[in-house]
$ cat protein_2.cif   # mmCIF, C-alpha atoms, pLDDT in the B column; chains and numbers go by the auth columns
data_my_file
#
loop_
_atom_site.group_PDB
_atom_site.id
_atom_site.type_symbol
_atom_site.label_atom_id
_atom_site.label_comp_id
_atom_site.label_asym_id
_atom_site.label_seq_id
_atom_site.Cartn_x
_atom_site.Cartn_y
_atom_site.Cartn_z
_atom_site.B_iso_or_equiv
_atom_site.auth_seq_id
_atom_site.auth_asym_id
ATOM 1 C CA MET A 1 54.602 54.429 147.574 45.00 7 A
ATOM 2 C CA LEU A 2 57.540 52.081 147.024 50.00 8 A
ATOM 3 C CA LEU A 3 57.623 49.812 144.018 61.00 9 A
ATOM 4 C CA ASP A 4 58.839 46.260 144.387 85.00 10 A
ATOM 5 C CA ASP A 5 61.781 45.187 142.191 87.00 11 A
ATOM 6 C CA ALA A 6 59.621 43.624 139.462 86.00 12 A
ATOM 7 C CA SER A 7 57.379 46.686 139.245 90.00 13 A
ATOM 8 C CA ALA A 8 60.355 49.015 139.106 91.00 14 A
ATOM 9 C CA GLU A 9 61.997 46.907 136.384 91.00 15 A
ATOM 10 C CA PHE A 10 58.799 46.874 134.331 93.00 16 A
ATOM 11 C CA HIS A 11 58.337 50.611 134.781 93.00 17 A
ATOM 12 C CA ASP A 12 61.888 51.154 133.521 93.00 18 A
ATOM 13 C CA PHE A 13 61.261 48.781 130.571 94.00 19 A
ATOM 14 C CA PHE A 14 58.038 50.647 129.758 94.00 20 A
ATOM 15 C CA GLU A 15 59.718 54.051 129.862 95.00 21 A
ATOM 16 C CA ARG A 16 62.626 52.918 127.659 95.00 22 A
ATOM 17 C CA HIS A 17 60.633 51.028 125.017 95.00 23 A
ATOM 18 C CA TYR A 18 57.048 52.298 124.783 95.00 24 A
ATOM 19 C CA ALA A 19 57.789 54.948 122.129 95.00 25 A
ATOM 20 C CA GLU A 20 59.780 52.491 120.010 95.00 26 A
ATOM 21 C CA LEU A 21 57.027 49.865 120.199 96.00 27 A
ATOM 22 C CA ALA A 22 54.407 52.470 119.269 95.00 28 A
ATOM 23 C CA ARG A 23 56.519 53.587 116.307 95.00 29 A
ATOM 24 C CA PHE A 24 56.926 49.973 115.208 95.00 30 A
ATOM 25 C CA ALA A 25 53.149 49.447 115.433 94.00 31 A
ATOM 26 C CA HIS A 26 52.579 52.668 113.471 95.00 32 A
ATOM 27 C CA LEU A 27 54.867 51.562 110.668 92.00 33 A
ATOM 28 C CA LEU A 28 53.086 48.196 110.527 92.00 34 A
ATOM 29 C CA THR A 29 49.524 49.517 110.637 91.00 35 A
ATOM 30 C CA GLY A 30 49.823 53.071 109.327 89.00 36 A
ATOM 31 C CA GLU A 31 47.478 54.229 112.095 89.00 37 A
ATOM 32 C CA THR A 32 48.790 56.549 114.803 87.00 38 A
ATOM 33 C CA ASP A 33 45.968 55.989 117.300 87.00 39 A
ATOM 34 C CA ALA A 34 45.991 52.240 116.756 90.00 40 A
ATOM 35 C CA ALA A 35 49.758 52.204 117.219 93.00 41 A
ATOM 36 C CA ASP A 36 49.516 53.739 120.674 93.00 42 A
ATOM 37 C CA ASP A 37 46.778 51.265 121.609 93.00 43 A
ATOM 38 C CA LEU A 38 48.766 48.310 120.262 94.00 44 A
ATOM 39 C CA ALA A 39 51.885 49.328 122.165 95.00 45 A
ATOM 40 C CA ALA A 40 49.887 49.758 125.371 94.00 46 A
ATOM 41 C CA ASP A 41 48.098 46.420 124.878 94.00 47 A
ATOM 42 C CA ALA A 42 51.400 44.671 124.179 94.00 48 A
ATOM 43 C CA LEU A 43 52.947 46.127 127.322 95.00 49 A
ATOM 44 C CA THR A 44 49.893 45.087 129.322 94.00 50 A
ATOM 45 C CA ALA A 45 50.380 41.537 128.044 93.00 51 A
ATOM 46 C CA LEU A 46 54.056 41.729 128.974 93.00 52 A
ATOM 47 C CA TRP A 47 53.216 42.961 132.470 93.00 53 A
ATOM 48 C CA GLN A 48 51.005 39.909 132.985 91.00 54 A
ATOM 49 C CA ARG A 49 54.018 37.696 132.218 90.00 55 A
ATOM 50 C CA TRP A 50 56.701 39.972 133.644 92.00 56 A
ATOM 51 C CA ASP A 51 57.700 37.558 136.397 87.00 57 A
ATOM 52 C CA ARG A 52 58.971 35.191 133.679 86.00 58 A
ATOM 53 C CA LEU A 53 60.035 37.764 131.079 86.00 59 A
ATOM 54 C CA ARG A 54 62.143 39.910 133.389 82.00 60 A
ATOM 55 C CA THR A 55 64.798 37.191 133.490 83.00 61 A
ATOM 56 C CA ALA A 56 64.623 36.430 129.760 83.00 62 A
ATOM 57 C CA ASP A 57 67.610 37.200 127.550 84.00 63 A
ATOM 58 C CA HIS A 58 65.680 39.474 125.162 89.00 64 A
ATOM 59 C CA PRO A 59 62.385 40.787 126.547 90.00 65 A
ATOM 60 C CA LEU A 60 62.364 43.564 123.913 92.00 66 A
ATOM 61 C CA ALA A 61 62.411 40.967 121.117 91.00 67 A
ATOM 62 C CA TYR A 62 59.448 39.288 122.773 91.00 68 A
ATOM 63 C CA ALA A 63 57.679 42.665 123.040 93.00 69 A
ATOM 64 C CA ARG A 64 58.263 43.341 119.337 94.00 70 A
ATOM 65 C CA GLY A 65 56.812 39.934 118.529 93.00 71 A
ATOM 66 C CA VAL A 66 53.718 40.695 120.597 93.00 72 A
ATOM 67 C CA VAL A 67 53.271 44.036 118.800 95.00 73 A
ATOM 68 C CA ALA A 68 53.738 42.351 115.404 94.00 74 A
ATOM 69 C CA ASN A 69 51.155 39.680 116.218 93.00 75 A
ATOM 70 C CA MET A 70 48.670 42.246 117.512 94.00 76 A
ATOM 71 C CA ALA A 71 49.198 44.424 114.432 93.00 77 A
ATOM 72 C CA ARG A 72 48.687 41.428 112.153 92.00 78 A
ATOM 73 C CA ALA A 73 45.437 40.564 113.939 91.00 79 A
ATOM 74 C CA ARG A 74 44.253 44.186 113.660 90.00 80 A
ATOM 75 C CA ILE A 75 45.054 44.322 109.940 88.00 81 A
ATOM 76 C CA ARG A 76 43.297 41.014 109.298 87.00 82 A
ATOM 77 C CA SER A 77 40.259 42.198 111.235 85.00 83 A
ATOM 78 C CA ALA A 78 40.155 45.443 109.252 82.00 84 A
ATOM 79 C CA VAL A 79 40.436 43.544 105.965 79.00 85 A
ATOM 80 C CA ARG A 80 37.579 41.237 106.973 78.00 86 A
ATOM 81 C CA GLU A 81 35.459 44.227 107.981 78.00 87 A
ATOM 82 C CA ARG A 82 36.118 45.999 104.675 75.00 88 A
ATOM 83 C CA ARG A 83 35.112 42.854 102.789 70.00 89 A
ATOM 84 C CA ARG A 84 31.869 42.642 104.754 67.00 90 A
ATOM 85 C CA VAL A 85 31.079 46.288 104.048 66.00 91 A
ATOM 86 C CA LEU A 86 31.835 45.833 100.347 64.00 92 A
ATOM 87 C CA LEU A 87 29.614 42.772 100.190 59.00 93 A
ATOM 88 C CA PHE A 88 26.863 44.587 102.053 58.00 94 A
ATOM 89 C CA TRP A 89 26.908 47.544 99.700 58.00 95 A
ATOM 90 C CA SER A 90 27.614 45.382 96.613 52.00 96 A
ATOM 91 C CA ARG A 91 30.133 47.890 95.481 48.00 97 A
ATOM 92 C CA ALA A 92 33.334 47.109 93.630 49.00 98 A
ATOM 93 C CA PRO A 93 36.477 48.530 95.188 48.00 99 A
ATOM 94 C CA GLU A 94 37.986 51.564 93.539 53.00 100 A
ATOM 95 C CA ARG A 95 41.097 50.858 91.487 53.00 101 A
ATOM 96 C CA THR A 96 44.132 52.938 90.969 50.00 102 A
ATOM 97 C CA ASP A 97 46.457 52.325 88.081 52.00 103 A
ATOM 98 C CA GLY A 98 49.569 53.624 89.734 51.00 104 A
ATOM 99 C CA PRO A 99 51.075 55.766 92.398 48.00 105 A
ATOM 100 C CA ASP A 100 50.104 59.393 92.835 48.00 106 A
ATOM 101 C CA SER A 101 52.522 61.096 90.465 39.00 107 A
ATOM 102 C CA ALA A 102 51.298 64.602 91.395 33.00 108 A
ATOM 103 C CA ALA A 103 52.763 64.330 94.909 32.00 109 A
ATOM 104 C CA VAL A 104 55.892 62.983 96.498 35.00 110 A
ATOM 105 C CA LEU A 105 55.445 59.267 97.057 47.00 111 A
ATOM 106 C CA ASP A 106 54.960 58.414 100.695 63.00 112 A
ATOM 107 C CA VAL A 107 57.052 55.552 102.062 78.00 113 A
ATOM 108 C CA ARG A 108 54.335 54.718 104.575 80.00 114 A
ATOM 109 C CA THR A 109 51.809 54.243 101.784 83.00 115 A
ATOM 110 C CA ALA A 110 54.225 51.992 99.927 85.00 116 A
ATOM 111 C CA LEU A 111 54.925 50.031 103.117 87.00 117 A
ATOM 112 C CA ALA A 112 51.198 49.592 103.689 87.00 118 A
ATOM 113 C CA ARG A 113 50.952 47.897 100.289 91.00 119 A
ATOM 114 C CA LEU A 114 53.478 45.233 101.236 93.00 120 A
ATOM 115 C CA PRO A 115 52.207 41.956 102.683 93.00 121 A
ATOM 116 C CA PHE A 116 52.555 41.931 106.454 91.00 122 A
ATOM 117 C CA ARG A 117 55.637 39.696 106.786 93.00 123 A
ATOM 118 C CA LYS A 118 57.606 41.629 104.151 94.00 124 A
ATOM 119 C CA ARG A 119 56.603 44.924 105.772 93.00 125 A
ATOM 120 C CA ALA A 120 57.589 43.733 109.247 92.00 126 A
ATOM 121 C CA CYS A 121 60.974 42.487 108.007 93.00 127 A
ATOM 122 C CA VAL A 122 61.720 45.715 106.111 92.00 128 A
ATOM 123 C CA VAL A 123 60.661 47.893 109.047 90.00 129 A
ATOM 124 C CA LEU A 124 62.658 45.962 111.641 92.00 130 A
ATOM 125 C CA ARG A 125 65.759 45.663 109.449 94.00 131 A
ATOM 126 C CA HIS A 126 65.839 49.194 108.036 89.00 132 A
ATOM 127 C CA ALA A 127 63.756 51.480 110.259 86.00 133 A
ATOM 128 C CA PHE A 128 64.875 49.850 113.523 89.00 134 A
ATOM 129 C CA ASP A 129 68.273 48.653 112.277 89.00 135 A
ATOM 130 C CA LEU A 130 67.866 45.182 113.786 92.00 136 A
ATOM 131 C CA SER A 131 70.086 42.339 112.696 93.00 137 A
ATOM 132 C CA GLU A 132 68.624 39.469 110.710 95.00 138 A
ATOM 133 C CA LYS A 133 68.867 37.301 113.824 94.00 139 A
ATOM 134 C CA ASP A 134 67.040 39.831 116.033 92.00 140 A
ATOM 135 C CA THR A 135 64.375 40.353 113.365 93.00 141 A
ATOM 136 C CA ALA A 136 63.863 36.592 113.118 93.00 142 A
ATOM 137 C CA ALA A 137 63.515 36.356 116.903 90.00 143 A
ATOM 138 C CA ALA A 138 61.007 39.210 117.046 89.00 144 A
ATOM 139 C CA LEU A 139 58.808 37.721 114.321 91.00 145 A
ATOM 140 C CA GLY A 140 59.262 34.056 115.215 90.00 146 A
ATOM 141 C CA ILE A 141 60.628 33.126 111.780 93.00 147 A
ATOM 142 C CA SER A 142 63.939 31.837 110.445 95.00 148 A
ATOM 143 C CA VAL A 143 66.890 34.043 109.497 96.00 149 A
ATOM 144 C CA GLY A 144 66.550 32.775 105.911 96.00 150 A
ATOM 145 C CA THR A 145 62.932 33.926 105.817 96.00 151 A
ATOM 146 C CA VAL A 146 64.003 37.345 107.118 96.00 152 A
ATOM 147 C CA LYS A 147 66.601 37.586 104.353 97.00 153 A
ATOM 148 C CA SER A 148 64.196 36.605 101.573 96.00 154 A
ATOM 149 C CA GLN A 149 61.245 38.662 102.836 96.00 155 A
ATOM 150 C CA THR A 150 63.430 41.745 103.342 95.00 156 A
ATOM 151 C CA SER A 151 64.953 41.386 99.874 96.00 157 A
ATOM 152 C CA LYS A 152 61.567 40.897 98.219 96.00 158 A
ATOM 153 C CA GLY A 153 60.025 43.738 100.233 94.00 159 A
ATOM 154 C CA MET A 154 62.813 46.142 99.301 93.00 160 A
ATOM 155 C CA ALA A 155 62.464 45.129 95.639 93.00 161 A
ATOM 156 C CA GLU A 156 58.720 45.863 95.774 92.00 162 A
ATOM 157 C CA LEU A 157 59.375 49.220 97.435 88.00 163 A
ATOM 158 C CA GLU A 158 61.961 50.039 94.774 88.00 164 A
ATOM 159 C CA ARG A 159 59.422 49.296 92.045 88.00 165 A
ATOM 160 C CA ALA A 160 56.820 51.469 93.786 84.00 166 A
ATOM 161 C CA LEU A 161 59.063 54.331 94.924 80.00 167 A
ATOM 162 C CA GLY A 162 62.150 54.213 92.748 74.00 168 A
ATOM 163 C CA ALA A 163 65.706 53.359 93.712 67.00 169 A
ATOM 164 C CA ARG A 164 66.516 56.786 95.207 58.00 170 A
ATOM 165 C CA ALA A 165 63.655 56.723 97.728 58.00 171 A
ATOM 166 C CA VAL A 166 64.434 53.157 98.751 59.00 172 A
ATOM 167 C CA GLY A 167 68.081 54.120 99.230 60.00 173 A
ATOM 168 C CA VAL A 168 66.972 56.757 101.727 54.00 174 A
ATOM 169 C CA LEU A 169 64.953 54.142 103.628 60.00 175 A
ATOM 170 C CA ALA A 170 67.803 51.623 103.606 62.00 176 A
ATOM 171 C CA THR A 171 70.364 54.111 104.902 56.00 177 A
ATOM 172 C CA GLY A 172 68.129 55.062 107.802 50.00 178 A
ATOM 173 C CA ARG A 173 67.503 58.689 106.822 43.00 179 A
ATOM 174 C CA ARG A 174 63.798 58.854 107.509 42.00 180 A
ATOM 175 C CA ASN A 175 61.154 60.943 109.169 40.00 181 A
ATOM 176 C CA GLU A 176 60.432 59.873 112.720 37.00 182 A
ATOM 177 C CA ARG A 177 56.869 59.151 113.709 35.00 183 A
#
$ encode --input "protein_2.cif" --output "structure tokens"
Amino acid sequence: MLLDDASAEFHDFFERHYAELARFAHLLTGETDAADDLAADALTALWQRWDRLRTADHPLAYARGVVANMARARIRSAVRERRRVLLFWSRAPERTDGPDSAAVLDVRTALARLPFRKRACVVLRHAFDLSEKDTAAALGISVGTVKSQTSKGMAELERALGARAVGVLATGRRNER
């Protein structure tokens, strides 16, 4: 079976970027299974618009934006569901006074505590090594917002993890998904 040009281009795009988009979704949501689903759903949405996107300057930036928006929607939905369950059971959420000092602090846990926009900026800038401009394009925000959200996010991570752990994240030495 021969693929037409658009199908072949999309197949190539899928093969080159699926794993990266899934890793991005994982770092945003902290859920491996959800990350694979989000990446697949994002690529399905891209396929539906591929006739226009294939000629775009930066289809990968658009794909990252789709993943970020889908991850945000998933997180918001999960938060709403947790609130409903808590209200149903009339149970106060458990509190923790600090990080788990008996184990090595997990960067993913610290990232999950950041508000979504800060987390997305930190992940794109430091885990994916995108420029401020490319990060802004992927998230649909200004370069100034990327700068401030990344700075604030890194400061929060430093408070949670310590300067040494944040230095490892910022230099790109990290565990792959």
$ residues_around --input "protein_2.cif" --residues "stretch 76-84 of chain A" --least-positions-apart "5" --cutoff "7 Å" --atoms "all atoms listed in the file" --output "number ranges by chain"
A: 31, 34-35, 44, 122
$ write_last_selection --input "protein_2.cif" --atoms "C-alpha atoms" --output "compact mmCIF listing (two decimals), keeping the file's coordinate frame"
# COMPACT_ATOMS: atom_id res chain seq x y z
CA ALA A 31 53.15 49.45 115.43
CA LEU A 34 53.09 48.20 110.53
CA THR A 35 49.52 49.52 110.64
CA LEU A 44 48.77 48.31 120.26
CA PHE A 122 52.56 41.93 106.45
$ resolve_selection --input "protein_2.cif" --expression "the PyMOL selection byres ((chain A and resi 145) around 12)" --output "ChimeraX atom specification"
/A:66-78,122-131,136,138-144,146-149,151-152,155
$ atom_distance --input "protein_2.cif" --atom1 "atom CA of A:Leu27" --atom2 "atom CA of A:Ala45"
5.5 Å
$ atom_distance --input "protein_2.cif" --atom1 "atom CA of A:Thr61" --atom2 "atom CA of A:Ala46"
21.1 Å
$ atom_distance --input "protein_2.cif" --atom1 "atom CA of A:Thr50" --atom2 "atom CA of A:Gly36"
21.5 Å
$ closest_residue --input "protein_2.cif" --among "A:Asp63, A:Asp47, A:Asp42, A:Glu162" --to "A:Ala28" --atoms "all atoms listed in the file"
A:Asp42
$ residues_around --input "protein_2.cif" --residues "A:Glu15" --least-positions-apart "2" --cutoff "12 Å" --atoms "only C-alpha atoms" --output "VMD selection string"
chain A and resid 9 to 13 17 to 22 53 56 to 57 59 to 61 65
$ axis_aligned_box --input "protein_2.cif" --around "stretch 68-78 of chain A" --padding-each-side "6 Å" --output "lines of an AutoDock Vina configuration file"
center_x = 54.1
center_y = 41.9
center_z = 117.6
size_x = 22.8
size_y = 17.1
size_z = 22.9
$ closest_residue --input "protein_2.cif" --among "A:Asp43, A:Glu26, A:Asp135, A:Glu164" --to "A:Leu117" --atoms "all atoms listed in the file"
A:Glu164
$ closest_residue --input "protein_2.cif" --among "A:Ala41, A:Val113, A:Leu120, A:Arg55" --to "A:Tyr24" --atoms "only C-alpha atoms"
A:Ala41
$ closest_residue --input "protein_2.cif" --among "A:Phe134, A:Phe16, A:Gln54, A:Glu87" --to "A:Arg29" --atoms "all atoms listed in the file"
A:Phe134
